[in-house]
There are 2 protein chains.
Amino acid sequence: MTQPRWLNSEEERLWLAFLRMRRAIDVAIDGQLAEAGLSPADYDVLAPLSQSGEALRVRDLAALIGWDRSRIAHQLRRMEQRGLVVRSGSTTDRRGTLVHLTDLGRTAITAAAPGHVETVRRVLFDQLDQQDLACLTSIAERVADAAGLTGISRTGGPARPGTAQVRPGRES
Amino acid sequence: MTQPRWLNSEEERLWLAFLRMRRAIDVAIDGQLAEAGLSPADYDVLAPLSQSGEALRVRDLAALIGWDRSRIAHQLRRMEQRGLVVRSGSTTDRRGTLVHLTDLGRTAITAAAPGHVETVRRVLFDQLDQQDLACLTSIAERVADAAGLTGISRTGGPARPGTAQVRPGRES
DNA sequence: CGAAAGTCGCTGACGTATCAGCAAACCTAT
DNA sequence: ATAGGTTTGCTGATACGTCAGCGACTTTCG
């Protein structure tokens with residue numbers, strides 16, 4: 001790092017536009033979720049819960065959304081206070097804690113999910129043609145991989161039929 | 001919003017990659033700043049301060065980085081406690097407050113800036129060829145404009161010669 | 001002039017994210 | 001079986017962002 005290579009005008013233009021795009025997406029998504037009474041963090045927790053059988057170990061839930069134990073413990077405490085989830089001691093491993101969706105929690109995620117996906121689509125995908133999609137996918141995967149970010153597993157395949165469809169999320 | 005249009009596999013692939021890219025960039029930038037002892041918020045405040053004459057009105061500083069008054073007031077309080085900035089009553093408008101960079105603050109931003117730009121370049125621009133750059137710029141501007149986000153003014157042109165070069169930032 | 005309206009910066013409350021650290025439970029190797 | 005290390009989940013401290021609201025000041029307009 002002898003001489004800093006400052007950004008040229010094209011690069012600066014991209015950087016600022018990139019930041020604006022991020023912000024626009026966040027504002028749209030967070031605002032839509034707020035209308036549904038959920039924070040982005042709530043959504044990240046509720047989505048995998050609703051897709052799974054009903055209960056998840058805190059450890060697994062955390063791994064699924066790429067959070068550390070502390071963060072999810074705080075979040076679960078607040079969500080439990082609001083009646084969105086409940087915790088119960090695990091069966092086999094007595095260290096473990098199971099997180100269950102309450103009826104209120106299930107109602108909330110089911111109500112919020114369609115608008116959420118719709119918002120993601122409207123703010124991002126509706127602006128992209130097929131070529132944009134390929135280009136952006138290539139760039140995003142390249143940048144993420146080059147940074148060596150351990151790809152958060154997330155749930156992977158399509159949601160099981162019969163469970164609430166709650167794909168996206170934002171994992172803050 | 002009759003029937004939610006869920007993401008297809010290509011779209012989901014892009015969305016997840018996009019999230020990973022964002023996260024990778026944040027991790028890289030925040031980590032580099034943390035090594036320099038600054039938070040992203042610190043950087044956003046210090047950068048325009050170091051580029052301006054030396055002092056800015058709180059109002060103008062906030063407008064420059066697109067923050068509301070409350071947020072910047074909290075941030076300035078914390079930064080003043082750490083000795084990065086000082087506040088003084090304004091001259092003409094007695095409602096106003098002037099924010100000054102301290103020597104410590106100037107040292108901090110000057111030390112952090114080269115690594116910051118270097119990090120932005122390494123994590124993003126070094127992964128893009130000329131075509132990627134054009135494509136991503138087009139997409140980002142389109143998405144941001146479509147969302148109708150009031151483009152934060154930011155400082156605009158290149159930094160004045162003679163002042164610390166501290167372009168990027170992330171305005172969280 | 002003087003009242004109404006607007007601007008400015010600050011504060012307290014609350015939700016959130018990260019860090020360090022803890023206690024209980026578990027696992028492994030002797 | 002048991003000592004040492006690991007995993008799990010939690011907590012407290014601190015920093016950050018947003019919201020509602022306040023007091024001081026300035027501007028506007030009758």
# chains A, B, ... in the order shown; residues from 1 in each chain; ligands from 1
call {"tool": "interface_residues", "arguments": {"of": "chain B", "to": "chain D", "cutoff": "7 Å", "atoms": "only C-alpha atoms (C1' of nucleotides)", "output": "ChimeraX atom specification"}}
result
/B:71,94-95
call {"tool": "write_last_selection", "arguments": {"atoms": "N, CA, C and O atoms", "output": "PDB file, in the first residue's frame"}}
result
ATOM      1  N   ARG B  71     -29.532  11.624  14.665  1.00  0.00           N
ATOM      2  CA  ARG B  71     -28.446  10.666  14.509  1.00  0.00           C
ATOM      3  C   ARG B  71     -27.095  11.335  14.645  1.00  0.00           C
ATOM      4  O   ARG B  71     -26.209  10.843  15.334  1.00  0.00           O
ATOM      5  N   ARG B  94     -27.327  31.810  16.321  1.00  0.00           N
ATOM      6  CA  ARG B  94     -27.037  31.268  17.645  1.00  0.00           C
ATOM      7  C   ARG B  94     -27.711  29.925  17.917  1.00  0.00           C
ATOM      8  O   ARG B  94     -27.529  29.355  18.984  1.00  0.00           O
ATOM      9  N   ARG B  95     -28.507  29.445  16.943  1.00  0.00           N
ATOM     10  CA  ARG B  95     -29.006  28.085  17.082  1.00  0.00           C
ATOM     11  C   ARG B  95     -27.946  27.086  16.673  1.00  0.00           C
ATOM     12  O   ARG B  95     -27.907  25.943  17.108  1.00  0.00           O
TER      13      ARG B  95
END
call {"tool": "interface_residues", "arguments": {"of": "chain C", "to": "chain A", "cutoff": "12 Å", "atoms": "only C-alpha atoms (C1' of nucleotides)", "output": "JSON, numbers by chain"}}
result
{"C": [14, 15, 16, 17, 18, 19, 20, 21, 23, 24, 25, 26]}
call {"tool": "write_last_selection", "arguments": {"atoms": "C-alpha atoms (C1' of nucleotides)", "output": "short mmCIF file (atom, residue, chain, number, x, y, z; two decimals), in the first residue's frame"}}
result
data_model
loop_
_atom_site.label_atom_id
_atom_site.label_comp_id
_atom_site.auth_asym_id
_atom_site.auth_seq_id
_atom_site.Cartn_x
_atom_site.Cartn_y
_atom_site.Cartn_z
"C1'" DC C 14 -36.17 1.62 22.65
"C1'" DG C 15 -34.63 -1.93 19.37
"C1'" DT C 16 -30.57 -3.71 17.55
"C1'" DA C 17 -25.43 -5.55 16.80
"C1'" DT C 18 -21.05 -6.86 18.72
"C1'" DC C 19 -17.84 -8.21 22.24
"C1'" DA C 20 -16.20 -10.51 26.35
"C1'" DG C 21 -17.23 -13.68 29.54
"C1'" DA C 23 -22.11 -21.70 33.67
"C1'" DA C 24 -24.03 -25.86 32.38
"C1'" DA C 25 -23.75 -29.79 29.68
"C1'" DC C 26 -21.25 -32.74 26.74
#
call {"tool": "interface_residues", "arguments": {"of": "chain B", "to": "chain A", "cutoff": "7 Å", "atoms": "only C-alpha atoms", "output": "list in words"}}
result
Pro4, Arg5, Trp6, Leu14, Ala17, Phe18, Leu19, Arg20, Met21, Ala24, Pro114, Val117, Glu118, Val123, Leu124, Gln127, Leu136, Thr137, Ala140, Glu141, Arg142, Val143, Ala144, Ala147, Leu149 and Arg170 of chain B
call {"tool": "select_by_dssp", "arguments": {"residues": "region 12-165 of chain A", "states": "alpha helix (DSSP H)", "output": "JSON list (two decimals) with C-alpha atoms, in the first residue's frame"}}
result
[["chain", "number", "residue", "atom", "x", "y", "z"],
["A", 12, "GLU", "CA", -16.67, 6.94, -7.88],
["A", 13, "ARG", "CA", -19.84, 7.14, -9.92],
["A", 14, "LEU", "CA", -20.33, 3.41, -9.56],
["A", 15, "TRP", "CA", -19.53, 3.42, -5.87],
["A", 16, "LEU", "CA", -22.04, 6.14, -5.10],
["A", 17, "ALA", "CA", -24.69, 4.51, -7.27],
["A", 18, "PHE", "CA", -24.01, 1.20, -5.59],
["A", 19, "LEU", "CA", -24.51, 2.75, -2.17],
["A", 20, "ARG", "CA", -27.71, 4.39, -3.32],
["A", 21, "MET", "CA", -28.98, 1.09, -4.68],
["A", 22, "ARG", "CA", -28.27, -0.66, -1.41],
["A", 23, "ARG", "CA", -30.01, 2.03, 0.51],
["A", 24, "ALA", "CA", -33.00, 2.01, -1.81],
["A", 25, "ILE", "CA", -33.40, -1.72, -1.42],
["A", 26, "ASP", "CA", -33.07, -1.52, 2.35],
["A", 27, "VAL", "CA", -35.55, 1.30, 2.65],
["A", 28, "ALA", "CA", -38.08, -0.58, 0.53],
["A", 29, "ILE", "CA", -37.71, -3.88, 2.32],
["A", 30, "ASP", "CA", -37.48, -2.53, 5.84],
["A", 31, "GLY", "CA", -40.43, -0.27, 5.23],
["A", 32, "GLN", "CA", -42.59, -3.05, 3.92],
["A", 33, "LEU", "CA", -41.73, -5.27, 6.86],
["A", 34, "ALA", "CA", -42.39, -2.45, 9.28],
["A", 35, "GLU", "CA", -45.88, -2.15, 7.84],
["A", 40, "PRO", "CA", -35.72, -7.35, 9.31],
["A", 41, "ALA", "CA", -34.26, -9.32, 12.18],
["A", 42, "ASP", "CA", -37.67, -10.71, 13.06],
["A", 43, "TYR", "CA", -38.13, -11.82, 9.49],
["A", 44, "ASP", "CA", -34.77, -13.53, 9.35],
["A", 45, "VAL", "CA", -35.68, -15.55, 12.41],
["A", 46, "LEU", "CA", -39.28, -16.29, 11.52],
["A", 47, "ALA", "CA", -38.66, -17.35, 7.93],
["A", 48, "PRO", "CA", -36.57, -20.47, 8.61],
["A", 49, "LEU", "CA", -38.77, -21.31, 11.56],
["A", 50, "SER", "CA", -41.88, -21.35, 9.44],
["A", 51, "GLN", "CA", -40.17, -23.40, 6.78],
["A", 58, "VAL", "CA", -31.12, -22.25, 18.62],
["A", 59, "ARG", "CA", -27.82, -23.50, 17.30],
["A", 60, "ASP", "CA", -29.32, -24.64, 14.02],
["A", 61, "LEU", "CA", -31.43, -21.57, 13.58],
["A", 62, "ALA", "CA", -28.39, -19.41, 14.11],
["A", 63, "ALA", "CA", -26.35, -21.41, 11.60],
["A", 64, "LEU", "CA", -29.17, -21.21, 9.09],
["A", 65, "ILE", "CA", -29.20, -17.44, 9.04],
["A", 69, "ARG", "CA", -25.13, -17.15, 19.41],
["A", 70, "SER", "CA", -25.20, -13.90, 21.25],
["A", 71, "ARG", "CA", -27.10, -12.06, 18.60],
["A", 72, "ILE", "CA", -29.78, -14.68, 18.27],
["A", 73, "ALA", "CA", -30.16, -15.06, 22.02],
["A", 74, "HIS", "CA", -30.90, -11.36, 22.37],
["A", 75, "GLN", "CA", -33.25, -11.42, 19.42],
["A", 76, "LEU", "CA", -35.12, -14.45, 20.71],
["A", 77, "ARG", "CA", -35.53, -12.89, 24.13],
["A", 78, "ARG", "CA", -37.18, -9.86, 22.59],
["A", 79, "MET", "CA", -39.30, -11.93, 20.24],
["A", 80, "GLU", "CA", -40.42, -14.16, 23.06],
["A", 81, "GLN", "CA", -41.49, -11.11, 25.04],
["A", 103, "ASP", "CA", -49.65, -18.87, 16.45],
["A", 104, "LEU", "CA", -48.98, -15.16, 16.55],
["A", 105, "GLY", "CA", -45.56, -15.70, 15.03],
["A", 106, "ARG", "CA", -46.91, -17.93, 12.30],
["A", 107, "THR", "CA", -49.64, -15.46, 11.49],
["A", 108, "ALA", "CA", -47.11, -12.64, 11.34],
["A", 109, "ILE", "CA", -44.69, -14.36, 8.98],
["A", 110, "THR", "CA", -47.43, -15.70, 6.77],
["A", 111, "ALA", "CA", -48.93, -12.27, 6.48],
["A", 112, "ALA", "CA", -45.62, -10.56, 5.81],
["A", 113, "ALA", "CA", -44.03, -12.97, 3.36],
["A", 114, "PRO", "CA", -45.96, -12.22, 0.16],
["A", 115, "GLY", "CA", -45.46, -8.49, 0.48],
["A", 116, "HIS", "CA", -41.82, -9.08, 1.25],
["A", 117, "VAL", "CA", -41.14, -11.07, -1.88],
["A", 118, "GLU", "CA", -43.21, -8.66, -3.89],
["A", 119, "THR", "CA", -41.07, -5.80, -2.61],
["A", 120, "VAL", "CA", -37.82, -7.54, -3.47],
["A", 121, "ARG", "CA", -39.16, -8.16, -6.92],
["A", 122, "ARG", "CA", -40.43, -4.67, -7.46],
["A", 123, "VAL", "CA", -37.36, -2.86, -6.23],
["A", 130, "GLN", "CA", -32.24, -11.16, -18.58],
["A", 131, "GLN", "CA", -28.80, -9.83, -19.39],
["A", 132, "ASP", "CA", -28.66, -7.69, -16.28],
["A", 133, "LEU", "CA", -29.56, -10.68, -14.21],
["A", 134, "ALA", "CA", -26.71, -12.74, -15.63],
["A", 135, "CYS", "CA", -24.27, -9.87, -15.30],
["A", 136, "LEU", "CA", -25.19, -9.05, -11.73],
["A", 137, "THR", "CA", -25.16, -12.67, -10.67],
["A", 138, "SER", "CA", -21.69, -13.09, -12.11],
["A", 139, "ILE", "CA", -20.40, -9.98, -10.38],
["A", 140, "ALA", "CA", -21.99, -10.72, -7.03],
["A", 141, "GLU", "CA", -20.72, -14.27, -6.89],
["A", 142, "ARG", "CA", -17.27, -13.21, -7.98],
["A", 143, "VAL", "CA", -17.02, -10.42, -5.41],
["A", 144, "ALA", "CA", -18.39, -12.56, -2.60],
["A", 145, "ASP", "CA", -16.15, -15.49, -3.43],
["A", 146, "ALA", "CA", -13.07, -13.35, -3.87]]
call {"tool": "atom_distance", "arguments": {"atom1": "CA of Arg82 (chain A)", "atom2": "CA of Leu38 (chain A)"}}
result
10.9 Å
call {"tool": "decode", "arguments": {"residues": "region 9-110 of chain A", "atoms": "C-alpha atoms", "output": "mmCIF file, in the first residue's frame"}}
result
data_model
loop_
_atom_site.group_PDB
_atom_site.id
_atom_site.type_symbol
_atom_site.label_atom_id
_atom_site.label_comp_id
_atom_site.auth_asym_id
_atom_site.auth_seq_id
_atom_site.Cartn_x
_atom_site.Cartn_y
_atom_site.Cartn_z
ATOM 1 C CA SER A 9 -14.595 9.456 -11.680
ATOM 2 C CA GLU A 10 -16.161 6.370 -13.253
ATOM 3 C CA GLU A 11 -15.358 4.313 -10.215
ATOM 4 C CA GLU A 12 -16.666 6.936 -7.877
ATOM 5 C CA ARG A 13 -19.843 7.139 -9.919
ATOM 6 C CA LEU A 14 -20.334 3.407 -9.561
ATOM 7 C CA TRP A 15 -19.535 3.418 -5.869
ATOM 8 C CA LEU A 16 -22.037 6.136 -5.102
ATOM 9 C CA ALA A 17 -24.690 4.512 -7.266
ATOM 10 C CA PHE A 18 -24.008 1.200 -5.585
ATOM 11 C CA LEU A 19 -24.506 2.746 -2.172
ATOM 12 C CA ARG A 20 -27.715 4.388 -3.325
ATOM 13 C CA MET A 21 -28.981 1.094 -4.685
ATOM 14 C CA ARG A 22 -28.274 -0.663 -1.412
ATOM 15 C CA ARG A 23 -30.014 2.031 0.506
ATOM 16 C CA ALA A 24 -32.997 2.011 -1.812
ATOM 17 C CA ILE A 25 -33.400 -1.721 -1.416
ATOM 18 C CA ASP A 26 -33.075 -1.522 2.348
ATOM 19 C CA VAL A 27 -35.553 1.299 2.646
ATOM 20 C CA ALA A 28 -38.084 -0.579 0.531
ATOM 21 C CA ILE A 29 -37.707 -3.884 2.322
ATOM 22 C CA ASP A 30 -37.485 -2.532 5.843
ATOM 23 C CA GLY A 31 -40.430 -0.266 5.233
ATOM 24 C CA GLN A 32 -42.594 -3.052 3.915
ATOM 25 C CA LEU A 33 -41.728 -5.271 6.858
ATOM 26 C CA ALA A 34 -42.385 -2.449 9.282
ATOM 27 C CA GLU A 35 -45.880 -2.146 7.843
ATOM 28 C CA ALA A 36 -46.312 -5.801 8.710
ATOM 29 C CA GLY A 37 -45.073 -5.130 12.220
ATOM 30 C CA LEU A 38 -41.791 -6.969 11.780
ATOM 31 C CA SER A 39 -38.194 -5.878 11.802
ATOM 32 C CA PRO A 40 -35.719 -7.350 9.309
ATOM 33 C CA ALA A 41 -34.261 -9.322 12.180
ATOM 34 C CA ASP A 42 -37.672 -10.714 13.060
ATOM 35 C CA TYR A 43 -38.133 -11.820 9.493
ATOM 36 C CA ASP A 44 -34.770 -13.528 9.349
ATOM 37 C CA VAL A 45 -35.680 -15.551 12.414
ATOM 38 C CA LEU A 46 -39.283 -16.295 11.521
ATOM 39 C CA ALA A 47 -38.663 -17.354 7.926
ATOM 40 C CA PRO A 48 -36.565 -20.466 8.610
ATOM 41 C CA LEU A 49 -38.766 -21.307 11.559
ATOM 42 C CA SER A 50 -41.883 -21.348 9.440
ATOM 43 C CA GLN A 51 -40.168 -23.400 6.782
ATOM 44 C CA SER A 52 -38.957 -25.992 9.216
ATOM 45 C CA GLY A 53 -41.201 -28.418 10.996
ATOM 46 C CA GLU A 54 -42.066 -25.984 13.707
ATOM 47 C CA ALA A 55 -39.213 -26.059 16.148
ATOM 48 C CA LEU A 56 -35.499 -25.518 15.654
ATOM 49 C CA ARG A 57 -32.572 -25.655 17.993
ATOM 50 C CA VAL A 58 -31.120 -22.251 18.623
ATOM 51 C CA ARG A 59 -27.817 -23.500 17.303
ATOM 52 C CA ASP A 60 -29.318 -24.639 14.017
ATOM 53 C CA LEU A 61 -31.434 -21.565 13.584
ATOM 54 C CA ALA A 62 -28.386 -19.407 14.111
ATOM 55 C CA ALA A 63 -26.352 -21.407 11.595
ATOM 56 C CA LEU A 64 -29.173 -21.210 9.090
ATOM 57 C CA ILE A 65 -29.199 -17.438 9.043
ATOM 58 C CA GLY A 66 -25.528 -16.918 9.786
ATOM 59 C CA TRP A 67 -25.879 -15.256 13.167
ATOM 60 C CA ASP A 68 -23.714 -15.749 16.203
ATOM 61 C CA ARG A 69 -25.127 -17.152 19.406
ATOM 62 C CA SER A 70 -25.201 -13.898 21.251
ATOM 63 C CA ARG A 71 -27.104 -12.063 18.600
ATOM 64 C CA ILE A 72 -29.781 -14.677 18.268
ATOM 65 C CA ALA A 73 -30.158 -15.061 22.024
ATOM 66 C CA HIS A 74 -30.897 -11.357 22.369
ATOM 67 C CA GLN A 75 -33.249 -11.416 19.421
ATOM 68 C CA LEU A 76 -35.119 -14.453 20.712
ATOM 69 C CA ARG A 77 -35.532 -12.895 24.127
ATOM 70 C CA ARG A 78 -37.179 -9.861 22.591
ATOM 71 C CA MET A 79 -39.302 -11.927 20.237
ATOM 72 C CA GLU A 80 -40.418 -14.159 23.061
ATOM 73 C CA GLN A 81 -41.486 -11.114 25.037
ATOM 74 C CA ARG A 82 -43.599 -10.061 22.086
ATOM 75 C CA GLY A 83 -45.123 -13.495 21.839
ATOM 76 C CA LEU A 84 -43.755 -14.378 18.411
ATOM 77 C CA VAL A 85 -41.820 -17.442 19.558
ATOM 78 C CA VAL A 86 -41.447 -19.599 22.636
ATOM 79 C CA ARG A 87 -38.427 -21.488 23.893
ATOM 80 C CA SER A 88 -38.394 -24.888 25.520
ATOM 81 C CA GLY A 89 -35.630 -27.083 26.844
ATOM 82 C CA SER A 90 -34.297 -29.532 24.323
ATOM 83 C CA THR A 91 -34.971 -33.221 24.522
ATOM 84 C CA THR A 92 -31.697 -35.036 24.138
ATOM 85 C CA ASP A 93 -28.975 -32.466 24.571
ATOM 86 C CA ARG A 94 -29.773 -30.631 27.744
ATOM 87 C CA ARG A 95 -27.645 -27.708 26.664
ATOM 88 C CA GLY A 96 -29.937 -27.116 23.759
ATOM 89 C CA THR A 97 -32.992 -24.917 23.526
ATOM 90 C CA LEU A 98 -35.809 -25.397 21.060
ATOM 91 C CA VAL A 99 -37.467 -22.412 19.479
ATOM 92 C CA HIS A 100 -41.113 -22.781 18.548
ATOM 93 C CA LEU A 101 -43.246 -20.519 16.429
ATOM 94 C CA THR A 102 -46.367 -19.339 18.240
ATOM 95 C CA ASP A 103 -49.651 -18.866 16.451
ATOM 96 C CA LEU A 104 -48.979 -15.165 16.549
ATOM 97 C CA GLY A 105 -45.560 -15.700 15.030
ATOM 98 C CA ARG A 106 -46.909 -17.926 12.304
ATOM 99 C CA THR A 107 -49.637 -15.457 11.495
ATOM 100 C CA ALA A 108 -47.112 -12.640 11.336
ATOM 101 C CA ILE A 109 -44.688 -14.358 8.981
ATOM 102 C CA THR A 110 -47.435 -15.703 6.772
#
